[in-house]
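Trainee: Sharing a structure here in structure tokens format.
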2 protein chains.
Amino acid sequence: MLKINRQTDYAVRVVLALARHGEGVRLASREIQQEMLIPPALMARIVAQLARAGLVNTFAGRDGGLMLPRHPSQITLKDIVEAFEGPVLLSECLQGKGEKDCPFQSNCPVRPKWGRVQVAMLREMASITFEDLVLESLGIPMTIPSFA
Amino acid sequence: MLKINRQTDYAVRVVLALARHGEGVRLASREIQQEMLIPPALMARIVAQLARAGLVNTFAGRDGGLMLPRHPSQITLKDIVEAFEGPVLLSECLQGKGEKDCPFQSNCPVRPKWGRVQVAMLREMASITFEDLVLESLGIPMTIPSFA
DNA sequence: ATCATGTTTATTAAATCAATCAATTTCATT
DNA sequence: AATGAAATTGATTGATTTAATAAACATGAT
């Protein structure tokens with residue numbers, strides 16, 4: 001169906017929650033989980049992955065929690081998607097795995113086209129920052145989205 | 001992982017095979033299947049779906065086969081992807097299913113952003129025609145099925 | 001030391017995808 | 001009409017991925 005998975009969606013919510021509270025603010029994982037309606041048991045995994053990707057700083061122990069390592073304007077949708085979906089690779093050729101059963105072998109004419117689609121997608125995602133999302137969430141849309 | 005599925009890839013090969021032979025030419029499903037290294041048992045499904053989407057005309061019976069209903073320049077990657085992946089909907093919000101467990105309910109700030117990404121993707125795919133693919137494929141040697 | 005926190009791993013359940021098989025319908029040809 | 005090559009459809013299996021849960025572990029302010 002060509003859609004992002006749930007964890008990516010949840011991860012966006014986590015970062016958005018932090019971004020809404022400001023750059024230096026530390027929030028407990030549990031608060032965010034409740035505010036953003038994330039399945040409790042999944043939250044752990046999501047936080048861990050965000051931390052691994054350097055998208056949040058975590059603090060264990062009493063009064064621990066999560067904090068953004070940089071300003072929301074410096075974190076984009078692309079960051080989250082790549083951390084959770086892996087590098088976006090629309091076609092199997094683009095992973096190099098498509099040479100065994102491909103009639104064109106290593107010279108597939110379709111491959112560079114998928115590459116173009118992928119680049120278009122990534123460019124758009126890289127242009128959307130969490131500052132944008134915070135503003136949007138405050139009811140101040142920056143752009144008029146127009147989708148078919 | 002955010003990738004197209006195999007059937008979509010196979011479907012592109014089918015249309016590409018037809019496009020390479022020209023607009024009015026009728027090819028047997030079996031020929032294409034062998035030329036493009038498509039699993040025999042899957043071929044039936046793919047042809048059926050292409051036909052259902054109006055992307056090929058099919059003819060049953062003796063000397064039946066497949067034919068393109070229009071010029072390759074009038075068929076795009078987007079056509080194939082939408083026929084096989086359904087409408088591209090990156091986020092569940094975009095399907096309207098995301099209002100139950102979404103903390104923002106019907107007013108999600110992220111939704112229009114996914115919409116933008118989606119549009120960028122579709123626009124790029126719509127700009128790639130099978131005429132382009134045929135040109136790209138000229139001069140690229142293919143595997144010869146009988147030697148495989 | 002302790003307790004509230006994040007971290008990690010293993011497991012289960014559900015959904016999706018790839019592939020196959022078998023039965024059916026279509027239709028040019030004879 | 002009868003034939004037979006070809007497309008169409010439905011049911012089924014196995015593999016892979018994703019979602020969710022639970023339990024054991026590590027951390028660090030107090």
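Lettering and numbering for the structure tokens are positional, with chains as A, B, ... in the shown order, residues counted from 1 in each chain, and ligands counted from 1 in the shown order.
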At a cut-off of 10 Å, using only C-alpha atoms (C1' of nucleotides), what residues contact stretch 13-20 of chain C? Leave out same-chain residues fewer than 6 positions from it and give the result as a ChimeraX atom specification.

Mentor: /A:1 /B:5-7,39-42 /D:12-21

Trainee: I need the residues in chain A that are alpha helix (DSSP H) according to DSSP; give them as an MDAnalysis selection string.

Mentor: chainID A and resid 6:21 29:35 40:52 77:85 111:126 130:137

Trainee: Keeping C-alpha atoms, export the residues of the selection given above as a PDB file, in the first residue's frame.

Mentor:
```pdb
ATOM      1  CA  ARG A   6       2.834   3.159  12.623  1.00  0.00           C
ATOM      2  CA  GLN A   7       6.071   3.482  14.537  1.00  0.00           C
ATOM      3  CA  THR A   8       7.186   6.292  12.282  1.00  0.00           C
ATOM      4  CA  ASP A   9       3.910   8.032  12.931  1.00  0.00           C
ATOM      5  CA  TYR A  10       4.323   7.572  16.668  1.00  0.00           C
ATOM      6  CA  ALA A  11       7.894   8.848  16.497  1.00  0.00           C
ATOM      7  CA  VAL A  12       6.724  12.026  14.800  1.00  0.00           C
ATOM      8  CA  ARG A  13       4.259  12.552  17.626  1.00  0.00           C
ATOM      9  CA  VAL A  14       6.990  12.155  20.233  1.00  0.00           C
ATOM     10  CA  VAL A  15       9.252  14.738  18.640  1.00  0.00           C
ATOM     11  CA  LEU A  16       6.296  17.034  18.046  1.00  0.00           C
ATOM     12  CA  ALA A  17       5.343  16.828  21.714  1.00  0.00           C
ATOM     13  CA  LEU A  18       8.871  17.826  22.683  1.00  0.00           C
ATOM     14  CA  ALA A  19       9.009  20.558  20.086  1.00  0.00           C
ATOM     15  CA  ARG A  20       5.761  22.036  21.370  1.00  0.00           C
ATOM     16  CA  HIS A  21       7.236  22.393  24.822  1.00  0.00           C
ATOM     17  CA  SER A  29       8.519   9.378  28.319  1.00  0.00           C
ATOM     18  CA  ARG A  30       5.300   8.512  30.101  1.00  0.00           C
ATOM     19  CA  GLU A  31       3.864  12.014  29.844  1.00  0.00           C
ATOM     20  CA  ILE A  32       4.454  12.071  26.120  1.00  0.00           C
ATOM     21  CA  GLN A  33       3.046   8.605  25.703  1.00  0.00           C
ATOM     22  CA  GLN A  34      -0.171   9.655  27.388  1.00  0.00           C
ATOM     23  CA  GLU A  35      -0.450  13.025  25.689  1.00  0.00           C
ATOM     24  CA  PRO A  40       2.507   2.154  26.362  1.00  0.00           C
ATOM     25  CA  ALA A  41       4.411  -0.983  25.528  1.00  0.00           C
ATOM     26  CA  LEU A  42       5.612   0.402  22.220  1.00  0.00           C
ATOM     27  CA  MET A  43       6.818   3.672  23.663  1.00  0.00           C
ATOM     28  CA  ALA A  44      10.041   2.180  24.987  1.00  0.00           C
ATOM     29  CA  ARG A  45      11.104   0.986  21.590  1.00  0.00           C
ATOM     30  CA  ILE A  46      10.321   4.270  19.901  1.00  0.00           C
ATOM     31  CA  VAL A  47      12.246   6.329  22.397  1.00  0.00           C
ATOM     32  CA  ALA A  48      15.203   3.979  22.128  1.00  0.00           C
ATOM     33  CA  GLN A  49      15.297   4.278  18.377  1.00  0.00           C
ATOM     34  CA  LEU A  50      14.950   8.037  18.446  1.00  0.00           C
ATOM     35  CA  ALA A  51      17.848   8.195  20.891  1.00  0.00           C
ATOM     36  CA  ARG A  52      19.958   5.862  18.792  1.00  0.00           C
ATOM     37  CA  LEU A  77      10.350  14.820   8.735  1.00  0.00           C
ATOM     38  CA  LYS A  78      13.054  13.175   6.675  1.00  0.00           C
ATOM     39  CA  ASP A  79      15.149  12.655   9.809  1.00  0.00           C
ATOM     40  CA  ILE A  80      12.382  10.699  11.467  1.00  0.00           C
ATOM     41  CA  VAL A  81      11.419   8.712   8.415  1.00  0.00           C
ATOM     42  CA  GLU A  82      14.975   7.651   7.683  1.00  0.00           C
ATOM     43  CA  ALA A  83      15.535   6.695  11.290  1.00  0.00           C
ATOM     44  CA  PHE A  84      12.476   4.453  11.292  1.00  0.00           C
ATOM     45  CA  GLU A  85      12.069   3.249   7.749  1.00  0.00           C
ATOM     46  CA  ARG A 111      16.029   2.008 -11.694  1.00  0.00           C
ATOM     47  CA  PRO A 112      17.120   5.604 -12.319  1.00  0.00           C
ATOM     48  CA  LYS A 113      13.459   6.565 -12.583  1.00  0.00           C
ATOM     49  CA  TRP A 114      12.651   5.204  -9.166  1.00  0.00           C
ATOM     50  CA  GLY A 115      15.687   7.113  -8.034  1.00  0.00           C
ATOM     51  CA  ARG A 116      14.135  10.342  -9.268  1.00  0.00           C
ATOM     52  CA  VAL A 117      10.876   9.656  -7.449  1.00  0.00           C
ATOM     53  CA  GLN A 118      12.780   8.892  -4.311  1.00  0.00           C
ATOM     54  CA  VAL A 119      14.770  12.093  -4.491  1.00  0.00           C
ATOM     55  CA  ALA A 120      11.605  14.130  -4.981  1.00  0.00           C
ATOM     56  CA  MET A 121      10.124  12.540  -1.912  1.00  0.00           C
ATOM     57  CA  LEU A 122      13.160  13.057   0.263  1.00  0.00           C
ATOM     58  CA  ARG A 123      13.540  16.651  -0.846  1.00  0.00           C
ATOM     59  CA  GLU A 124       9.985  17.392   0.193  1.00  0.00           C
ATOM     60  CA  MET A 125      10.379  15.671   3.548  1.00  0.00           C
ATOM     61  CA  ALA A 126      13.620  17.486   4.217  1.00  0.00           C
ATOM     62  CA  PHE A 130       9.239  20.463  13.383  1.00  0.00           C
ATOM     63  CA  GLU A 131       9.082  24.198  13.762  1.00  0.00           C
ATOM     64  CA  ASP A 132       6.616  24.115  10.874  1.00  0.00           C
ATOM     65  CA  LEU A 133       4.687  21.374  12.610  1.00  0.00           C
ATOM     66  CA  VAL A 134       4.528  23.251  15.881  1.00  0.00           C
ATOM     67  CA  LEU A 135       3.218  26.334  14.114  1.00  0.00           C
ATOM     68  CA  GLU A 136       0.711  24.239  12.249  1.00  0.00           C
ATOM     69  CA  SER A 137      -0.384  22.630  15.473  1.00  0.00           C
TER      70      SER A 137
END
```

Trainee: Identify all chain C residues at most 12 Å from chain A by counting only C-alpha atoms (C1' of nucleotides); ligands do not count. Present them as an MDAnalysis selection string.

Mentor: chainID C and resid 2:9 16:17

Trainee: Could you save those same residues with C-alpha atoms (C1' of nucleotides) as a short mmCIF file (atom, residue, chain, number, x, y, z; two decimals), in the first residue's frame?

Mentor:
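part.cif, written as the output of this step:
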```cif
data_model
loop_
_atom_site.label_atom_id
_atom_site.label_comp_id
_atom_site.auth_asym_id
_atom_site.auth_seq_id
_atom_site.Cartn_x
_atom_site.Cartn_y
_atom_site.Cartn_z
"C1'" DT C 2 16.22 3.40 46.62
"C1'" DC C 3 13.09 4.33 43.40
"C1'" DA C 4 11.57 6.45 39.35
"C1'" DT C 5 13.16 6.39 35.17
"C1'" DG C 6 15.05 4.76 30.50
"C1'" DT C 7 17.07 0.19 27.87
"C1'" DT C 8 16.99 -4.14 25.94
"C1'" DT C 9 15.49 -8.56 24.50
"C1'" DT C 16 0.53 -8.49 4.44
"C1'" DC C 17 2.95 -10.44 0.53
#
```

Trainee: With 12 Å as the limit and counting only C-alpha atoms (C1' of nucleotides), what residues in chain D lie close to chain B? Please list them as a tab-separated table (two decimals) with C-alpha atoms (C1' of nucleotides), in the first residue's frame.

Mentor:
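The new file iface12.tsv reads:
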```tsv
chain	number	residue	atom	x	y	z
D	3	DT	C1'	-11.65	-27.84	-30.42
D	4	DG	C1'	-7.96	-26.04	-27.99
D	5	DA	C1'	-5.02	-22.12	-26.83
D	6	DA	C1'	-5.27	-18.51	-23.97
D	7	DA	C1'	-7.00	-15.38	-20.27
D	8	DT	C1'	-9.71	-15.18	-15.60
D	9	DT	C1'	-10.84	-16.28	-11.04
D	10	DG	C1'	-10.81	-18.27	-6.43
D	17	DT	C1'	6.90	-7.95	8.15
D	18	DT	C1'	4.57	-5.28	11.54
```
